[in-house]
file protein37.cif (mmCIF, C-alpha atoms)
data_my_file
#
loop_
_atom_site.group_PDB
_atom_site.id
_atom_site.type_symbol
_atom_site.label_atom_id
_atom_site.label_comp_id
_atom_site.auth_asym_id
_atom_site.auth_seq_id
_atom_site.Cartn_x
_atom_site.Cartn_y
_atom_site.Cartn_z
ATOM 1 C CA MET A 43 119.869 89.182 67.471
ATOM 2 C CA THR A 44 117.324 90.320 70.051
ATOM 3 C CA GLU A 45 113.766 91.266 69.094
ATOM 4 C CA LEU A 46 114.628 94.898 69.852
ATOM 5 C CA GLU A 47 117.608 94.765 67.441
ATOM 6 C CA LEU A 48 115.399 93.065 64.854
ATOM 7 C CA GLN A 49 112.811 95.803 65.249
ATOM 8 C CA ALA A 50 115.473 98.476 64.673
ATOM 9 C CA GLN A 51 116.792 96.629 61.607
ATOM 10 C CA VAL A 52 113.286 96.367 60.105
ATOM 11 C CA ALA A 53 112.615 100.068 60.828
ATOM 12 C CA ASP A 54 115.905 100.990 59.101
ATOM 13 C CA TYR A 55 114.947 98.825 56.112
ATOM 14 C CA ILE A 56 111.561 100.508 55.720
ATOM 15 C CA ARG A 57 113.107 103.990 55.997
ATOM 16 C CA LEU A 58 115.742 103.118 53.384
ATOM 17 C CA LYS A 59 113.635 101.207 50.842
ATOM 18 C CA TYR A 60 110.258 102.906 51.325
ATOM 19 C CA PRO A 61 111.038 106.477 52.430
ATOM 20 C CA SER A 62 107.502 107.767 51.817
ATOM 21 C CA VAL A 63 105.791 105.004 53.821
ATOM 22 C CA ILE A 64 104.426 105.952 57.240
ATOM 23 C CA PHE A 65 105.073 103.341 59.920
ATOM 24 C CA HIS A 66 105.160 103.003 63.666
ATOM 25 C CA SER A 67 107.277 100.716 65.806
ATOM 26 C CA ASP A 68 106.225 99.895 69.370
ATOM 27 C CA PHE A 69 109.362 100.772 71.307
ATOM 28 C CA GLY A 70 107.821 99.471 74.544
ATOM 29 C CA SER A 71 107.830 95.904 73.304
ATOM 30 C CA GLY A 72 110.849 93.808 74.101
ATOM 31 C CA ILE A 73 112.356 96.081 76.742
ATOM 32 C CA LYS A 74 112.393 95.620 80.493
ATOM 33 C CA LEU A 75 110.090 98.070 82.240
ATOM 34 C CA THR A 76 109.689 98.880 85.898
ATOM 35 C CA MET A 77 106.409 97.713 87.430
ATOM 36 C CA GLY A 78 105.020 101.265 87.220
ATOM 37 C CA GLN A 79 106.057 101.641 83.581
ATOM 38 C CA ALA A 80 104.571 98.246 82.695
ATOM 39 C CA ILE A 81 101.245 99.183 84.296
ATOM 40 C CA ARG A 82 101.220 102.516 82.441
ATOM 41 C CA GLN A 83 102.185 100.838 79.138
ATOM 42 C CA LYS A 84 99.395 98.275 79.519
ATOM 43 C CA ARG A 85 96.859 100.988 80.379
ATOM 44 C CA LEU A 86 97.879 103.099 77.373
ATOM 45 C CA ASN A 87 97.551 100.037 75.088
ATOM 46 C CA GLY A 88 93.952 99.322 76.060
ATOM 47 C CA GLY A 89 94.944 96.680 78.603
ATOM 48 C CA ARG A 90 96.412 94.459 75.894
ATOM 49 C CA ARG A 91 99.902 92.943 76.015
ATOM 50 C CA SER A 92 99.605 91.427 72.574
ATOM 51 C CA TRP A 93 99.698 94.512 70.335
ATOM 52 C CA PRO A 94 101.960 93.835 67.307
ATOM 53 C CA ASP A 95 105.444 95.348 67.142
ATOM 54 C CA MET A 96 105.093 97.288 63.884
ATOM 55 C CA PHE A 97 102.381 98.971 61.853
ATOM 56 C CA ILE A 98 102.714 100.176 58.261
ATOM 57 C CA ALA A 99 100.011 102.777 57.562
ATOM 58 C CA GLU A 100 99.650 102.070 53.859
ATOM 59 C CA PRO A 101 96.300 100.836 52.500
ATOM 60 C CA LYS A 102 96.807 98.280 49.716
ATOM 61 C CA LEU A 103 94.763 96.231 47.300
ATOM 62 C CA CYS A 104 96.494 92.880 47.589
ATOM 63 C CA GLY A 105 96.816 89.949 45.209
ATOM 64 C CA ASP A 106 93.983 88.152 46.994
ATOM 65 C CA GLY A 107 91.644 90.949 45.847
ATOM 66 C CA ASP A 108 91.181 92.244 49.391
ATOM 67 C CA MET A 109 91.753 95.853 50.358
ATOM 68 C CA HIS A 110 93.862 95.991 53.504
ATOM 69 C CA ALA A 111 93.828 99.103 55.692
ATOM 70 C CA GLY A 112 97.486 98.597 56.662
ATOM 71 C CA LEU A 113 100.008 95.967 57.740
ATOM 72 C CA PHE A 114 100.700 94.833 61.304
ATOM 73 C CA ILE A 115 103.767 92.671 61.985
ATOM 74 C CA GLU A 116 104.550 90.747 65.148
ATOM 75 C CA LEU A 117 108.332 90.321 65.051
ATOM 76 C CA LYS A 118 110.055 87.279 66.503
ATOM 77 C CA LYS A 119 113.721 86.309 66.569
ATOM 78 C CA ALA A 120 114.834 84.076 63.711
ATOM 79 C CA GLY A 121 114.182 80.443 64.545
ATOM 80 C CA THR A 122 111.181 81.106 66.798
ATOM 81 C CA ARG A 123 108.561 78.391 66.333
ATOM 82 C CA ILE A 124 105.026 79.673 65.903
ATOM 83 C CA TYR A 125 103.500 76.481 64.522
ATOM 84 C CA LYS A 126 104.025 72.799 65.265
ATOM 85 C CA LYS A 127 104.890 70.366 62.456
ATOM 86 C CA ASP A 128 101.180 69.511 62.104
ATOM 87 C CA GLY A 129 100.372 73.194 61.406
ATOM 88 C CA THR A 130 98.739 73.929 64.754
ATOM 89 C CA LEU A 131 99.841 76.809 66.960
ATOM 90 C CA VAL A 132 102.500 76.092 69.601
ATOM 91 C CA SER A 133 101.181 75.926 73.150
ATOM 92 C CA ASN A 134 102.895 79.111 74.339
ATOM 93 C CA ALA A 135 100.367 81.396 76.085
ATOM 94 C CA HIS A 136 101.986 84.620 74.863
ATOM 95 C CA ILE A 137 102.200 83.472 71.224
ATOM 96 C CA CYS A 138 98.557 82.300 71.408
ATOM 97 C CA GLU A 139 97.555 85.727 72.741
ATOM 98 C CA GLN A 140 99.480 87.433 69.912
ATOM 99 C CA PHE A 141 97.909 85.079 67.343
ATOM 100 C CA ASP A 142 94.439 86.006 68.620
ATOM 101 C CA MET A 143 95.252 89.728 68.277
ATOM 102 C CA LEU A 144 96.495 89.217 64.696
ATOM 103 C CA GLU A 145 93.231 87.385 63.920
ATOM 104 C CA GLN A 146 91.163 90.255 65.368
ATOM 105 C CA LEU A 147 93.104 92.752 63.247
ATOM 106 C CA ARG A 148 92.569 90.639 60.107
ATOM 107 C CA ARG A 149 88.826 90.615 60.755
ATOM 108 C CA ARG A 150 88.970 94.428 60.830
ATOM 109 C CA GLY A 151 90.555 94.663 57.385
ATOM 110 C CA TYR A 152 94.266 94.730 58.171
ATOM 111 C CA MET A 153 96.944 92.366 56.994
ATOM 112 C CA ALA A 154 98.517 91.011 60.180
ATOM 113 C CA GLU A 155 101.391 88.506 60.260
ATOM 114 C CA PHE A 156 104.099 86.955 62.396
ATOM 115 C CA ALA A 157 107.620 87.438 61.008
ATOM 116 C CA CYS A 158 110.447 85.311 62.402
ATOM 117 C CA GLY A 159 113.707 87.059 61.626
ATOM 118 C CA PHE A 160 114.696 89.871 59.293
ATOM 119 C CA ASP A 161 114.429 87.932 56.025
ATOM 120 C CA GLU A 162 110.848 86.897 56.736
ATOM 121 C CA ALA A 163 109.886 90.438 57.801
ATOM 122 C CA LYS A 164 111.488 91.875 54.654
ATOM 123 C CA LYS A 165 109.609 89.385 52.463
ATOM 124 C CA ILE A 166 106.240 90.234 54.066
ATOM 125 C CA ILE A 167 106.888 93.974 53.734
ATOM 126 C CA ASP A 168 108.068 93.730 50.116
ATOM 127 C CA GLU A 169 105.110 91.556 49.117
ATOM 128 C CA TYR A 170 102.675 93.906 50.835
ATOM 129 C CA LEU A 171 104.139 97.115 49.443
ATOM 130 C CA GLY A 172 104.866 95.641 46.016
ATOM 131 C CA GLY A 173 108.654 95.752 46.323
ATOM 132 C CA PRO A 174 110.860 98.833 46.399
ATOM 133 C CA LYS A 175 110.306 101.214 43.508
ATOM 134 C CA ALA A 176 113.185 101.356 40.993
ATOM 135 C CA GLU A 177 114.219 104.837 42.126
ATOM 136 C CA GLU A 178 114.327 103.657 45.763
ATOM 137 C CA VAL A 179 116.630 100.660 45.190
ATOM 138 C CA GLU A 180 120.348 101.088 45.635
ATOM 139 C CA PHE A 181 122.471 99.723 42.782
#
call {"tool": "encode", "arguments": {"input": "protein37.cif", "output": "structure tokens"}}
result
Amino acid sequence: MTELELQAQVADYIRLKYPSVIFHSDFGSGIKLTMGQAIRQKRLNGGRRSWPDMFIAEPKLCGDGDMHAGLFIELKKAGTRIYKKDGTLVSNAHICEQFDMLEQLRRRGYMAEFACGFDEAKKIIDEYLGGPKAEEVEF
């Protein structure tokens, strides 16, 4: 599954399980752009390539007692390694740049996480939103 297909699957999941939640998915990520489109995309994103793939605009008081202004998720294909066995970040420049952006967003009051694959993204979303409400779950 490509990151673009993963992004679509996560968007479908949110629409199905959390129909009242407002979210945004960055369509520009993960697709091939012409040089002109890439320059325009970068300019419109404040010159940053590392903006996360999805944003859920739902403030939440989380289990850690912190109020989060919303949830940002950087989606990666299942099996992508973010951390080495010793817990340090892999030495991939793009992942390091994305990690730094997630850290900046956390400092500003957002929850911001990597999610590798659909199951991990679903878990993060469900934990953040408190799980689908009974009337929103299909039986």
call {"tool": "atom_distance", "arguments": {"input": "protein37.cif", "atom1": "atom CA of A:Glu162", "atom2": "atom CA of A:Tyr55"}}
result
12.6 Å
call {"tool": "closest_residue", "arguments": {"input": "protein37.cif", "among": "A:Glu100, A:Asp142, A:Asp161, A:Glu155", "to": "A:Leu48", "atoms": "all atoms listed in the file"}}
result
A:Asp161
call {"tool": "residues_around", "arguments": {"input": "protein37.cif", "residues": "A:Lys102", "least_positions_apart": "4", "cutoff": "9 Å", "atoms": "only C-alpha atoms", "output": "ChimeraX atom specification"}}
result
/A:108-113,170-171
call {"tool": "write_last_selection", "arguments": {"input": "protein37.cif", "atoms": "C-alpha atoms", "output": "compact mmCIF listing (two decimals), keeping the file's coordinate frame"}}
result
# COMPACT_ATOMS: atom_id res chain seq x y z
CA ASP A 108 91.18 92.24 49.39
CA MET A 109 91.75 95.85 50.36
CA HIS A 110 93.86 95.99 53.50
CA ALA A 111 93.83 99.10 55.69
CA GLY A 112 97.49 98.60 56.66
CA LEU A 113 100.01 95.97 57.74
CA TYR A 170 102.68 93.91 50.84
CA LEU A 171 104.14 97.12 49.44
call {"tool": "residues_around", "arguments": {"input": "protein37.cif", "residues": "A:Lys118", "least_positions_apart": "4", "cutoff": "8 Å", "atoms": "only C-alpha atoms", "output": "list in words"}}
result
Glu45, Thr122, Phe156, Ala157, Cys158 and Gly159 of chain A
call {"tool": "resolve_selection", "arguments": {"input": "protein37.cif", "expression": "the PyMOL selection byres ((chain A and resi 65) around 12)", "output": "MDAnalysis selection string"}}
result
chainID A and resid 52:57 60:64 66:68 95:101 112:115 167
call {"tool": "residues_around", "arguments": {"input": "protein37.cif", "residues": "A:Trp93", "least_positions_apart": "4", "cutoff": "10 Å", "atoms": "only C-alpha atoms", "output": "ChimeraX atom specification"}}
result
/A:68,71,84,87-89,97,114-116,139-140,143-144,147
call {"tool": "atom_distance", "arguments": {"input": "protein37.cif", "atom1": "atom CA of A:Gln79", "atom2": "atom CA of A:Ser92"}}
result
16.3 Å
call {"tool": "closest_residue", "arguments": {"input": "protein37.cif", "among": "A:Arg148, A:Lys119, A:His136, A:Lys127", "to": "A:Ala163", "atoms": "only C-alpha atoms"}}
result
A:Lys119
call {"tool": "atom_distance", "arguments": {"input": "protein37.cif", "atom1": "atom CA of A:Asp106", "atom2": "atom CA of A:Gly121"}}
result
27.8 Å
call {"tool": "closest_residue", "arguments": {"input": "protein37.cif", "among": "A:Lys164, A:Ile81, A:Arg91, A:Tyr152", "to": "A:Cys138", "atoms": "all atoms listed in the file"}}
result
A:Arg91
call {"tool": "build_atoms", "arguments": {"input": "protein37.cif", "residues": "stretch 99-115 of chain A", "atoms": "N, CA and C atoms", "output": "mmCIF file, in the frame of the given file"}}
result
data_model
loop_
_atom_site.group_PDB
_atom_site.id
_atom_site.type_symbol
_atom_site.label_atom_id
_atom_site.label_comp_id
_atom_site.auth_asym_id
_atom_site.auth_seq_id
_atom_site.Cartn_x
_atom_site.Cartn_y
_atom_site.Cartn_z
ATOM 1 N N ALA A 99 101.261 102.069 57.853
ATOM 2 C CA ALA A 99 100.011 102.777 57.562
ATOM 3 C C ALA A 99 99.907 103.045 56.063
ATOM 4 N N GLU A 100 99.719 101.979 55.320
ATOM 5 C CA GLU A 100 99.650 102.070 53.859
ATOM 6 C C GLU A 100 98.532 101.138 53.380
ATOM 7 N N PRO A 101 97.354 101.696 53.028
ATOM 8 C CA PRO A 101 96.300 100.836 52.500
ATOM 9 C C PRO A 101 96.735 100.228 51.172
ATOM 10 N N LYS A 102 96.384 98.968 50.947
ATOM 11 C CA LYS A 102 96.807 98.280 49.716
ATOM 12 C C LYS A 102 95.735 97.316 49.241
ATOM 13 N N LEU A 103 95.550 97.277 47.928
ATOM 14 C CA LEU A 103 94.763 96.231 47.300
ATOM 15 C C LEU A 103 95.743 95.102 47.042
ATOM 16 N N CYS A 104 95.532 93.971 47.673
ATOM 17 C CA CYS A 104 96.494 92.880 47.589
ATOM 18 C C CYS A 104 96.088 91.864 46.539
ATOM 19 N N GLY A 105 97.007 90.964 46.233
ATOM 20 C CA GLY A 105 96.816 89.949 45.209
ATOM 21 C C GLY A 105 95.598 89.069 45.443
ATOM 22 N N ASP A 106 95.162 88.965 46.704
ATOM 23 C CA ASP A 106 93.983 88.152 46.994
ATOM 24 C C ASP A 106 92.688 88.898 46.694
ATOM 25 N N GLY A 107 92.815 90.143 46.183
ATOM 26 C CA GLY A 107 91.644 90.949 45.847
ATOM 27 C C GLY A 107 91.077 91.721 47.020
ATOM 28 N N ASP A 108 91.655 91.537 48.204
ATOM 29 C CA ASP A 108 91.181 92.244 49.391
ATOM 30 C C ASP A 108 91.897 93.578 49.549
ATOM 31 N N MET A 109 91.156 94.567 50.017
ATOM 32 C CA MET A 109 91.753 95.853 50.358
ATOM 33 C C MET A 109 92.127 95.787 51.831
ATOM 34 N N HIS A 110 93.392 95.995 52.124
ATOM 35 C CA HIS A 110 93.862 95.991 53.504
ATOM 36 C C HIS A 110 94.110 97.432 53.939
ATOM 37 N N ALA A 111 93.700 97.754 55.165
ATOM 38 C CA ALA A 111 93.828 99.103 55.692
ATOM 39 C C ALA A 111 95.254 99.433 56.121
ATOM 40 N N GLY A 112 96.107 98.434 56.239
ATOM 41 C CA GLY A 112 97.486 98.597 56.662
ATOM 42 C C GLY A 112 98.045 97.237 57.040
ATOM 43 N N LEU A 113 99.319 97.218 57.410
ATOM 44 C CA LEU A 113 100.008 95.967 57.740
ATOM 45 C C LEU A 113 100.546 96.010 59.163
ATOM 46 N N PHE A 114 100.145 95.030 59.972
ATOM 47 C CA PHE A 114 100.700 94.833 61.304
ATOM 48 C C PHE A 114 101.653 93.641 61.248
ATOM 49 N N ILE A 115 102.797 93.772 61.923
ATOM 50 C CA ILE A 115 103.767 92.671 61.985
ATOM 51 C C ILE A 115 104.161 92.429 63.435
#
